[in-house]
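*Asks:* Dropping in work-v1.cif, with mmCIF, C-alpha atoms.
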data_model
#
loop_
_atom_site.label_atom_id
_atom_site.label_comp_id
_atom_site.auth_asym_id
_atom_site.auth_seq_id
_atom_site.Cartn_x
_atom_site.Cartn_y
_atom_site.Cartn_z
CA MET A 97 0.00 0.00 0.00
CA GLU A 98 2.77 2.37 1.01
CA GLY A 99 4.74 1.48 -2.11
CA ASN A 100 1.73 2.23 -4.30
CA ALA A 101 1.25 5.64 -2.71
CA ARG A 102 4.94 6.42 -3.25
CA ASP A 103 4.74 5.31 -6.90
CA ARG A 104 1.70 7.53 -7.42
CA ALA A 105 3.51 10.50 -5.86
CA VAL A 106 6.54 9.93 -8.11
CA LEU A 107 4.33 9.60 -11.19
CA LYS A 108 2.42 12.77 -10.30
CA GLU A 109 5.65 14.66 -9.82
CA ARG A 110 7.09 13.44 -13.12
CA MET A 111 3.95 14.61 -14.89
CA ILE A 112 3.94 18.00 -13.21
CA ARG A 113 7.66 18.86 -13.37
CA PRO A 114 7.80 19.67 -17.14
CA PHE A 115 4.78 21.97 -16.78
CA ASN A 116 6.63 24.02 -14.21
CA ARG A 117 9.28 24.87 -16.83
CA ILE A 118 6.65 25.54 -19.52
CA TYR A 119 4.71 27.91 -17.25
CA GLN A 120 7.90 29.73 -16.31
CA ASN A 121 8.79 30.29 -19.96
CA LEU A 122 5.26 31.43 -20.74
CA LEU A 123 5.40 33.88 -17.86
CA VAL A 124 8.63 35.37 -19.26
CA ARG A 125 6.87 35.77 -22.61
CA VAL A 126 3.75 37.36 -21.13
CA THR A 127 5.86 39.72 -18.97
CA ALA A 128 7.86 40.88 -22.01
CA GLN A 129 4.70 41.46 -24.04
CA ARG A 130 3.04 43.35 -21.19
CA GLU A 131 6.10 45.61 -20.97
CA VAL A 132 5.78 46.50 -24.66
CA ILE A 133 2.03 47.12 -24.49
CA THR A 134 2.27 49.18 -21.31
CA THR A 135 5.04 51.32 -22.81
CA LEU A 136 3.04 51.92 -25.99
CA LEU A 137 -0.14 52.76 -24.10
CA SER A 138 1.65 55.12 -21.69
CA LYS A 139 3.38 56.84 -24.65
CA LYS A 140 0.01 57.37 -26.27
CA GLN A 141 -1.36 58.77 -23.01
CA SER A 142 1.57 61.16 -22.59
CA LEU A 143 1.04 62.40 -26.17
CA LEU A 144 -2.63 63.06 -25.43
CA ASP A 145 -1.93 64.87 -22.12
CA MET B 51 38.87 51.04 -35.76
CA LEU B 52 35.77 49.43 -37.16
CA ILE B 53 34.03 47.06 -34.75
CA THR B 54 32.03 44.35 -36.50
CA HIS B 55 28.74 43.06 -35.15
CA SER B 56 30.25 39.84 -33.80
CA GLN B 57 33.00 41.75 -31.91
CA ASP B 58 30.64 44.22 -30.28
CA PRO B 59 30.25 43.24 -26.59
CA ASN B 60 26.65 44.54 -26.64
CA SER B 61 25.61 42.52 -29.67
CA GLU B 62 23.27 39.53 -29.51
CA ASN B 63 26.13 37.21 -30.49
CA ALA B 64 28.03 38.33 -27.40
CA ASP B 65 24.88 37.77 -25.32
CA ILE B 66 24.48 34.25 -26.68
CA SER B 67 28.13 33.31 -26.16
CA ASP B 68 27.89 34.65 -22.60
CA LEU B 69 24.75 32.56 -22.11
CA MET B 70 26.52 29.44 -23.42
CA ASP B 71 29.47 30.04 -21.05
CA LYS B 72 27.12 30.37 -18.11
CA MET B 73 25.25 27.22 -19.14
CA THR B 74 28.47 25.19 -19.46
CA ALA B 75 29.72 26.41 -16.06
CA ALA B 76 26.41 25.56 -14.38
CA ARG B 77 26.23 22.13 -16.06
CA ASN B 78 29.81 21.20 -15.13
CA ALA B 79 29.38 22.38 -11.54
CA PHE B 80 26.12 20.49 -11.27
CA PHE B 81 27.56 17.19 -12.51
CA ASP B 82 30.76 17.53 -10.47
CA ARG B 83 28.83 18.29 -7.29
CA LYS B 84 26.39 15.46 -7.96
CA ARG B 85 29.23 12.98 -8.60
CA ILE B 86 31.14 13.98 -5.47
CA ARG B 87 28.02 13.89 -3.32
CA ALA B 88 27.10 10.47 -4.73
CA TYR B 89 30.56 9.11 -3.74
CA GLU B 90 30.23 10.69 -0.32
CA VAL B 91 26.78 9.22 0.31
CA PHE B 92 27.89 5.84 -1.10
CA PHE B 93 30.75 5.66 1.39
CA GLN B 94 28.59 6.93 4.24
CA GLY B 95 26.03 4.19 3.50
CA ALA B 96 28.77 1.58 3.47
CA LEU B 97 30.25 2.88 6.74
CA ALA B 98 26.83 2.95 8.40
CA TYR B 99 26.30 -0.66 7.34
CA LEU B 100 29.66 -1.67 8.79
CA THR B 101 28.83 0.10 12.07
CA THR B 102 25.61 -1.88 12.48
CA PHE B 103 27.49 -5.03 11.43
CA ASN B 104 29.95 -4.54 14.28
CA GLU B 105 27.42 -3.76 17.00
CA GLY B 106 27.46 -5.81 20.17
CA ASP B 107 30.17 -6.93 22.58
CA THR B 108 32.43 -8.84 20.24
CA LYS B 109 34.02 -6.53 17.70
CA SER B 110 35.53 -7.79 14.50
CA ASP B 111 39.03 -6.52 13.76
CA PHE B 112 38.46 -7.06 10.06
CA VAL B 113 35.36 -4.82 10.03
CA GLU B 114 37.10 -2.11 12.04
CA GLN B 115 40.06 -2.19 9.66
CA LEU B 116 37.72 -2.01 6.68
CA GLN B 117 35.92 0.93 8.25
CA ARG B 118 39.17 2.81 8.83
CA GLN B 119 40.33 2.17 5.28
CA MET B 120 37.04 3.27 3.78
CA GLN B 121 36.98 6.41 5.92
CA GLY B 122 40.52 7.14 4.74
CA MET B 123 39.51 6.71 1.10
CA LEU B 124 36.50 9.00 1.59
CA ASP B 125 38.60 11.68 3.30
CA LEU B 126 41.19 11.48 0.53
CA TYR B 127 38.53 11.74 -2.17
CA LEU B 128 36.79 14.68 -0.52
CA GLY B 129 40.16 16.40 0.02
CA GLU B 130 41.03 16.02 -3.66
CA ASN B 131 37.67 17.45 -4.73
CA LYS B 132 37.52 20.24 -2.15
CA LEU B 133 37.48 22.97 -4.80
CA GLN B 134 34.52 21.54 -6.71
CA ILE B 135 32.48 21.13 -3.52
CA LYS B 136 32.84 24.84 -2.78
CA VAL B 137 31.27 25.83 -6.10
CA ASN B 138 27.54 26.17 -5.66
CA PRO B 139 25.79 24.90 -8.81
CA ASN B 140 22.56 26.57 -7.72
CA SER B 141 23.98 30.10 -7.88
CA LEU B 142 25.58 29.32 -11.26
CA TYR B 143 22.25 27.98 -12.50
CA LEU B 144 20.43 31.10 -11.26
CA SER B 145 22.87 33.38 -13.08
CA PHE B 146 22.35 31.32 -16.27
CA LYS B 147 18.58 31.45 -15.83
CA ASP B 148 18.67 35.21 -15.32
CA LYS B 149 20.73 35.67 -18.51
CA GLN B 150 18.42 33.34 -20.42
CA ASP B 151 15.31 35.20 -19.24
CA ARG B 152 16.77 38.55 -20.27
CA LEU B 153 17.63 37.24 -23.72
CA SER B 154 14.19 35.63 -24.10
CA ARG B 155 12.47 38.87 -23.11
CA LYS B 156 14.43 40.71 -25.81
CA VAL B 157 13.34 38.16 -28.42
CA TYR B 158 9.68 38.22 -27.30
CA ARG B 159 9.61 42.03 -27.32
CA LEU B 160 10.99 42.09 -30.88
CA GLU B 161 8.51 39.44 -31.97
CA LEU B 162 5.57 41.41 -30.59
CA LEU B 163 6.81 44.67 -32.11
CA THR B 164 7.04 42.99 -35.52
CA ASN B 165 3.48 41.69 -35.17
CA LEU B 166 2.28 45.11 -34.07
CA SER B 167 3.94 46.88 -36.98
CA HIS B 168 2.04 44.55 -39.26
CA LYS B 169 -1.20 45.26 -37.36
CA LEU B 170 -0.53 48.98 -37.74
CA LYS B 171 -0.49 48.57 -41.51
CA VAL B 172 -3.71 46.54 -41.53
CA ASN B 173 -5.65 48.81 -39.14
CA ASN B 174 -6.97 51.91 -40.84
CA THR B 175 -7.06 54.28 -37.90
CA PRO B 176 -4.94 54.75 -34.78
CA GLU B 177 -8.14 54.31 -32.70
CA THR B 178 -8.65 50.72 -33.89
CA PHE B 179 -4.97 50.00 -33.31
CA PHE B 180 -5.05 51.33 -29.75
CA ALA B 181 -8.32 49.51 -29.07
CA TYR B 182 -6.49 46.33 -30.16
CA LEU B 183 -3.66 47.17 -27.77
CA GLN B 184 -6.08 47.77 -24.87
CA GLU B 185 -7.79 44.46 -25.50
CA MET B 186 -4.44 42.68 -25.66
CA ASN B 187 -3.38 44.34 -22.41
CA ILE B 188 -6.47 43.00 -20.61
CA GLU B 189 -5.93 39.52 -22.05
CA LEU B 190 -2.27 39.49 -21.02
CA ASP B 191 -3.18 40.57 -17.48
CA ALA B 192 -5.64 37.68 -17.21
CA THR B 193 -3.07 35.24 -18.63
CA ALA B 194 -0.43 36.42 -16.14
CA VAL B 195 -2.82 35.82 -13.23
CA ARG B 196 -3.65 32.32 -14.54
CA LEU B 197 0.05 31.52 -15.02
CA ASP B 198 0.86 32.66 -11.48
CA LYS B 199 -1.79 30.29 -10.16
CA ALA B 200 -0.53 27.43 -12.34
CA LEU B 201 3.06 28.03 -11.20
CA ALA B 202 2.02 28.09 -7.54
CA PHE B 203 0.28 24.73 -8.10
CA THR B 204 3.27 23.09 -9.82
CA LYS B 205 5.72 24.46 -7.26
CA SER B 206 3.70 23.06 -4.35
CA ASN B 207 3.55 19.64 -6.03
CA VAL B 208 7.17 19.29 -7.16
CA GLU B 209 9.68 18.06 -4.61
CA PRO B 210 13.44 18.32 -5.13
CA GLU B 211 14.85 15.05 -6.47
CA GLN B 212 15.84 12.60 -3.77
CA ASP B 213 18.18 9.99 -5.15
CA GLU B 214 20.80 10.23 -2.41
CA ALA B 215 19.22 7.41 -0.39
CA ALA B 216 19.73 5.10 -3.37
CA PHE B 217 23.50 5.71 -3.37
CA ALA B 218 23.70 5.08 0.40
CA LYS B 219 21.78 1.81 -0.08
CA LEU B 220 24.14 0.83 -2.89
CA GLY B 221 27.17 1.39 -0.64
CA ALA B 222 25.64 -0.72 2.13
CA LYS B 223 24.71 -3.46 -0.35
CA ILE B 224 28.20 -3.70 -1.82
CA VAL B 225 29.86 -3.83 1.60
CA HIS B 226 27.35 -6.47 2.65
CA ARG B 227 28.44 -8.54 -0.34
CA ILE B 228 32.12 -8.04 0.47
CA VAL B 229 31.85 -9.00 4.13
CA SER B 230 29.54 -11.92 3.42
CA GLY B 231 31.99 -13.30 0.88
CA GLN B 232 29.84 -12.91 -2.22
CA PHE B 233 32.51 -10.99 -4.09
#
Could you rewrite the structure in this file as structure tokens?

*Replies:*
Amino acid sequence: MEGNARDRAVLKERMIRPFNRIYQNLLVRVTAQREVITTLLSKKQSLLD
Amino acid sequence: MLITHSQDPNSENADISDLMDKMTAARNAFFDRKRIRAYEVFFQGALAYLTTFNEGDTKSDFVEQLQRQMQGMLDLYLGENKLQIKVNPNSLYLSFKDKQDRLSRKVYRLELLTNLSHKLKVNNTPETFFAYLQEMNIELDATAVRLDKALAFTKSNVEPEQDEAAFAKLGAKIVHRIVSGQF
């Protein structure tokens, strides 16, 4: 029983681990894009003011 | 003197070669540290086995001698690899990751700007273009929130790898074979 629970935990971790890296890369992408958009929008605002 | 693109320290080529250097340093440090630690744990497992083997009133001279010799070998090995142990692979990895993130952000920014310049040509008026930007901003905010949640979930479910116990077991197993005459 204990062995089964350990196997399940290992399996779960192996399935989740790659997603951690994918999410991190996606977050870098989203952060970079947000920087660009925010800069453009604030530039527009400063031109209007 | 004319500085070409590849010689310019601020060029992307310089960034990439710096990134590669950082990656190689982190990888080497990681494998060295892992190898040394595996040896250390292997010997510790073997020594722990020998200690339990020699418990009780009657001590075996052979086991004690073996223990001393193994401890000597471990000390010698750790002494020889003292320099590598001091290098922290984690800090090297973090510096590589930081460099990689900065380079990725540069690429993603350029990619988005290229897409936007195309959008600017397609959209007839600045109003439609800025409306597109506003919409994208809202979408990106929502995506960032979702990604934060997803990352928090993965982080709470991922444990650091624990394979050290396996090396200790291996050490104990091999010593068991030696002392029980199976080798």

*Asks:* Set the cut-off to 7 Å and count only C-alpha atoms: what are the residues of chain A that reach chain B? Output as a VMD selection string.

*Replies:* chain A and resid 109 112 to 113 116 119 123 to 126 128 to 130 132 to 133

*Asks:* Could you jot down the atom CA of B:Asn138 to atom CA of B:Arg77 separation for me, Å, one decimal place?

*Replies:*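 Interatomic distance here is 11.2 Å.
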
*Asks:* Which value, in Å to one decimal, gives the distance between atom CA of B:Asn165 and atom CA of A:Phe115?

*Replies:*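 For atom CA of B:Asn165 relative to atom CA of A:Phe115, the distance reads 27.0 Å.
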
*Asks:* Quick one: distance from atom CA of B:Ser110 to atom CA of B:Glu90 in Å, one decimal?

*Replies:*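 Atom-to-atom, atom CA of B:Ser110 to atom CA of B:Glu90, that is 24.3 Å.
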
*Asks:* Go ahead and fit an axis-aligned box to every listed atom of stretch 115-120 of chain B plus 8 Å each side, and pass me the centre and edge lengths in Å, one decimal, as AutoDock Vina command-line options.

*Replies:*
--center_x 38.1 --center_y 0.5 --center_z 6.7 --size_x 20.4 --size_y 21.5 --size_z 21.9

*Asks:* From the options B:Leu100, B:Ala79, B:Leu144, B:Ile224, which residue's atoms come nearest to B:Gln121, counting only C-alpha atoms?

*Replies:*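 For B:Gln121, the nearest of the given residues is B:Leu100.
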
*Asks:* As a check of understanding, name the residues that the PyMOL selection byres ((chain B and resi 81-89) around 10) selects in the supplied structure, as a PyMOL selection string.

*Replies:* chain B and resi 76-80+90-95+124+127-128+131-132+134-139+213-218+221

*Asks:* Find the spatial neighbours of B:Lys149, counting all atoms listed in the file, within a cut-off of 8 Å - ignore same-chain residues fewer than 4 positions away - and output them as a PDB file with C-alpha atoms, in the frame of the given file.

*Replies:*
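Okay, part27.pdb is ready:
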ATOM      1  CA  LEU B  69      24.750  32.560 -22.110  1.00  0.00           C
ATOM      2  CA  SER B 145      22.870  33.380 -13.080  1.00  0.00           C
ATOM      3  CA  LEU B 153      17.630  37.240 -23.720  1.00  0.00           C
TER       4      LEU B 153
END

*Asks:* For B:Met70, which residue out of B:Gln150, B:Ser206, B:Thr164, B:Thr178 is the nearest one, using all atoms listed in the file?

*Replies:*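 Result for the nearest residue to B:Met70: B:Gln150.
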
*Asks:* Could you write stretch 104-116 of chain A as a CSV table (one decimal), in the coordinates of the input, with N, CA, C and O atoms rebuilt where they are missing?

*Replies:*
chain,number,residue,atom,x,y,z
A,104,ARG,N,2.6,6.5,-6.9
A,104,ARG,CA,1.7,7.5,-7.4
A,104,ARG,C,2.3,8.9,-7.3
A,104,ARG,O,2.2,9.8,-8.2
A,105,ALA,N,2.9,9.2,-6.1
A,105,ALA,CA,3.5,10.5,-5.9
A,105,ALA,C,4.6,10.8,-6.9
A,105,ALA,O,4.7,11.9,-7.4
A,106,VAL,N,5.4,9.8,-7.1
A,106,VAL,CA,6.5,9.9,-8.1
A,106,VAL,C,6.0,10.2,-9.5
A,106,VAL,O,6.4,11.1,-10.2
A,107,LEU,N,5.0,9.4,-9.9
A,107,LEU,CA,4.3,9.6,-11.2
A,107,LEU,C,3.7,11.0,-11.4
A,107,LEU,O,3.9,11.7,-12.4
A,108,LYS,N,3.0,11.4,-10.3
A,108,LYS,CA,2.4,12.8,-10.3
A,108,LYS,C,3.5,13.8,-10.5
A,108,LYS,O,3.3,14.7,-11.3
A,109,GLU,N,4.6,13.7,-9.7
A,109,GLU,CA,5.6,14.7,-9.8
A,109,GLU,C,6.3,14.7,-11.2
A,109,GLU,O,6.6,15.7,-11.8
A,110,ARG,N,6.5,13.5,-11.8
A,110,ARG,CA,7.1,13.4,-13.1
A,110,ARG,C,6.2,14.1,-14.2
A,110,ARG,O,6.7,14.6,-15.1
A,111,MET,N,4.9,14.0,-13.9
A,111,MET,CA,4.0,14.6,-14.9
A,111,MET,C,3.9,16.1,-14.7
A,111,MET,O,3.7,16.9,-15.7
A,112,ILE,N,4.1,16.6,-13.5
A,112,ILE,CA,3.9,18.0,-13.2
A,112,ILE,C,5.2,18.8,-13.5
A,112,ILE,O,5.2,19.9,-14.0
A,113,ARG,N,6.4,18.2,-13.2
A,113,ARG,CA,7.7,18.9,-13.4
A,113,ARG,C,7.8,19.6,-14.7
A,113,ARG,O,8.2,20.8,-14.7
A,114,PRO,N,7.6,18.9,-15.9
A,114,PRO,CA,7.8,19.7,-17.1
A,114,PRO,C,6.9,20.9,-17.3
A,114,PRO,O,7.3,21.9,-17.9
A,115,PHE,N,5.7,20.8,-16.7
A,115,PHE,CA,4.8,22.0,-16.8
A,115,PHE,C,5.3,23.2,-16.0
A,115,PHE,O,5.1,24.3,-16.4
A,116,ASN,N,6.0,22.9,-15.0
A,116,ASN,CA,6.6,24.0,-14.2
A,116,ASN,C,7.5,24.9,-15.1
A,116,ASN,O,7.4,26.1,-15.1
